[in-house]
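Shown next, in structure tokens, is the structure this report addresses.
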Amino acid sequence: TFIDLAVITESGELFTRKVPSTPENYADAVIQGIEDILGGLNSDKNELLEVLHGCTVATNTILEMKGAKTALLTTKNFRDILEIQRVRTPELYKPLYEKPKPLVPRNLRFEISERISSDGKILVPLSEEEVIKCTKKLKSLDIEAVSVCYLNSYANPIHEVKTGEMLRKLFPDLYVSISAEVLPQMKEYERTSTTVINSYVGPPVKKYIESLVKQLKNSGFKKSRLMVMQSSGGILDSVSVVKKPAQIIECGPAAGVIGAQFMSKLTRYENLITLDMGGTTAKASLIEKSQLSFAEEYEVGSGLSSKSALGGGGGYALKLPVIDISEVGAGGGSIAWLDKANSLKIGPESAGAKPGPVCYGFGNEYPTVTDANVILGYLNPNGLAGNSVPINSDLSRKSIEKHIAKPLSLDILASSYGIHQVANANMMRAVKAVTTLRGRDPRDFSLLAFGGSGGVHAVELAKTLQIKKVILPLAAGVYSALGLIWSNLMVNETLPFLHLTSNFSMETLNKKYKILEKNIRKMIGGVYDEIIFERKIDARFLGQAFELTIDYPSNKKKSDIPDILTKLFEEEHQLRYGHSFSGEYPVQLVNLRMIGKRRPKNKIFPSVSLDNYQVNNQKRNVYFGPSIGMVESKVISRKKLGRKPIKGPIIIEEYEGTAVVPPDCTVKIDNYFNVIIEIKS
């Protein structure tokens, strides 16, 4: 809905902007926003050395099924792996559930004679004749991208590499992905799905990134280097991203979680649930002991993106490193509607940037969550984003009355509050996906809310989950943009390593890690001399189908490492699932992982917010549900809050967003300008 921008100067001054998106070409709004924010700083365009960027281009490509026309070359007799998947469904009691359509239809999947064993031996040589014959078909079908995924190529990639070379030589303009480069791991479905995703989003991402780079240069930003956020939480140069676009599927939401981690370390709020509610979706993630949570299994394109071993099957498997972010279709622009049984539903369809919510006056006639929040008094009835987006509350009222209130025989306030509550219920699913389904109790965490609509819904959601504290960071409405500023250059690499903890060679393990280190240095390049490396390992009990990721104990004696790895895995298994097979089954190592990071520089925290939007002694009527009713509430800015808690009801209005403090809560500001809302039990 909006392009969010943030700049922190060396002196600690914070500048932010929210610019309406330009769906016809998103790069236009990005350039416009950068020019606007630099104009306010009176800065020369040549002073801008790096543009840090997060986007949802790759995600939307899959959600809207608008990716490249893609073909798949696979081992003979493995043509249907994308449809067979893992024989799992997200809805247990729905026997007629239909799986999502494969990104590559069956007529574009081709079998090639070749076979490699699980230990890397060539059983059937690659039939180059069949590959050449296949390329002729690809040419006649106007294919834009190709994925190559042969069985057991993680153990020996020779056949995939050869096929890739042949395709790139014959079709230099074709986007080619081979699984040995994208995901050299066991599990043929996850590897095939991830490689196909890489090809499917490759051309659209390439077009967008290269267009943005070109427009930056043409607009006078000659020295600006474009860096893009990855789903894993690190930034990488745009050239590397174009080569492996599957790694930016969740890059937009990841930036906000990185900001939350920075805040956690700074303020010592070690355990946080993040809630990022924007225009189309709401995202949740977990910060535990100030550390990020990563998803061992992840799906994109389903109703609930995050996936655990307890669920899944509703989307497309993505096995690359991804911050564990659960996403539901409940944003400010999500449309409220009634199903055939007159049951109120929210989303996943959104009003988008244009026309947007009904109150924007751009032609949408269907009520959204934002329209309901305007009627309830939570949002300013005259304008948002410092009144840069005018609001017509009468349009919201008429739309809710026509589409929700009259069909349900309810009044406007009850209908609007119902929309608000159903949106909260949808978001609760996202929070539970990263907490309850992973063995964590939400009551042990505080809720850090951001995004344009996060502050409006956070307290009611926290009450439902029995969370006692809600934190609203500075510039919450553009917090993902701030997260980009606090991010770091980072690369994740992995290699298979299938051994029991009781029987593996430390020499072989260290050699593998050296290979990963070499690959990371090559990808980062020679610009950064000091790189910090972190070792991790995927492990499971022998016989299990899913693994968990644990930290490698680098500071321990080599002779003690096997036992320590076993103990670390058993502890994580106990925490995740509530039990452990300690002593019953041996622990098996599956993959070696390495993260390479640029040594972090001193990250500037804003000491001054140059938010010129002020609220002076305003009041308005706000509806807090049937038990409390309509209450006259103060409307203030963050700057009016002090260190001493004050009692609600209060509406906190800022340029970037709004926060709602109900009557039974208190609110104050801490030393880092965070709004702290305490909820009575």
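How things are named: the first chain in the structure tokens is A, the next is B, and so on; residues count from 1 in each chain; ligands count from 1 in the order shown.
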Find the residues near Thr194 of chain A: any atom within 10 Å, counting only C-alpha atoms, skip ones fewer than 6 places away on the same chain, and give them as a list in words.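 Everything that qualifies: Ser147, Cys149, Ser177, Ser179, Val182, Leu183, Glu188, Tyr200, Ala246, Gln247, Glu299, Tyr316, Ala317, Leu318, Lys319 and Leu320 of chain A.
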Taking the DSSP secondary structure from the backbone, can you list the residues of segment 179-356 of chain A that are alpha helix (DSSP H), as a PyMOL selection string? chain A and resi 179-182+188-218+238-243+251-267
For Thr75 of chain A, please output as a ChimeraX atom specification all residues within 12 Å (counting only C-alpha atoms; exclusion window: fewer than 5 positions along the same chain). /A:80-81,109-116,124-127,130-131,148-153,159-160,163,188,192
Print the selection's residues with C-alpha atoms to a file, as a compact mmCIF listing (two decimals), in the first residue's frame.
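Output saved as out.txt:
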# COMPACT_ATOMS: atom_id res chain seq x y z
CA ASP A 80 5.46 -35.92 -10.55
CA ILE A 81 7.40 -35.09 -7.38
CA ARG A 109 8.11 -31.35 -16.83
CA PHE A 110 10.61 -33.51 -18.75
CA GLU A 111 12.31 -36.77 -17.75
CA ILE A 112 16.02 -37.30 -18.49
CA SER A 113 17.79 -40.65 -18.29
CA GLU A 114 20.47 -40.41 -15.58
CA ARG A 115 20.93 -41.79 -12.06
CA ILE A 116 23.30 -41.13 -9.19
CA VAL A 124 23.23 -44.36 -15.16
CA PRO A 125 25.26 -41.86 -17.24
CA LEU A 126 23.58 -38.62 -18.29
CA SER A 127 21.86 -38.93 -21.69
CA GLU A 130 17.81 -36.49 -24.37
CA VAL A 131 18.86 -33.11 -23.00
CA VAL A 148 17.15 -28.79 -13.28
CA CYS A 149 16.80 -31.16 -10.34
CA TYR A 150 18.16 -34.70 -10.58
CA LEU A 151 17.89 -37.37 -7.91
CA ASN A 152 20.76 -37.36 -5.36
CA SER A 153 22.55 -34.46 -7.06
CA HIS A 159 24.97 -34.36 -14.23
CA GLU A 160 23.17 -31.18 -13.15
CA THR A 163 22.90 -30.00 -18.11
CA GLU A 188 14.03 -34.50 -3.39
CA THR A 192 12.90 -29.56 -6.41
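Of note, atom CA of Ala29 of chain A and atom CA of Glu653 of chain A are spaced 24.6 Å apart.
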Using only C-alpha atoms, which residues of segment 205-234 of chain A come within 10 Å of segment 283-296 of chain A, and what is the closest atom pair for each, with the distance in Å to one decimal? Give it as a tab-separated table, sorted by chain and residue number.
residue	atom	partner	partner_atom	distance
A:Ser231	CA	A:Phe294	CA	9.8
A:Ser232	CA	A:Phe294	CA	7.8
A:Gly233	CA	A:Leu292	CA	8.9
Atom pair atom CA of Lys668 of chain A / atom CA of Leu5 of chain A: separation (Å): 26.4 Å
With only C-alpha atoms as the basis for distance, which of A:Asn107, A:Thr280, A:Ile524, A:Val590 is at the shortest distance from Gly452 of chain A?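 Among the listed residues, the smallest separation from Gly452 of chain A belongs to A:Thr280.
If you measure from each of A:Thr22, A:Ala475, A:Pro496, A:Ser554 to Ala155 of chain A using only C-alpha atoms, the closest one turns out to be A:Pro496.
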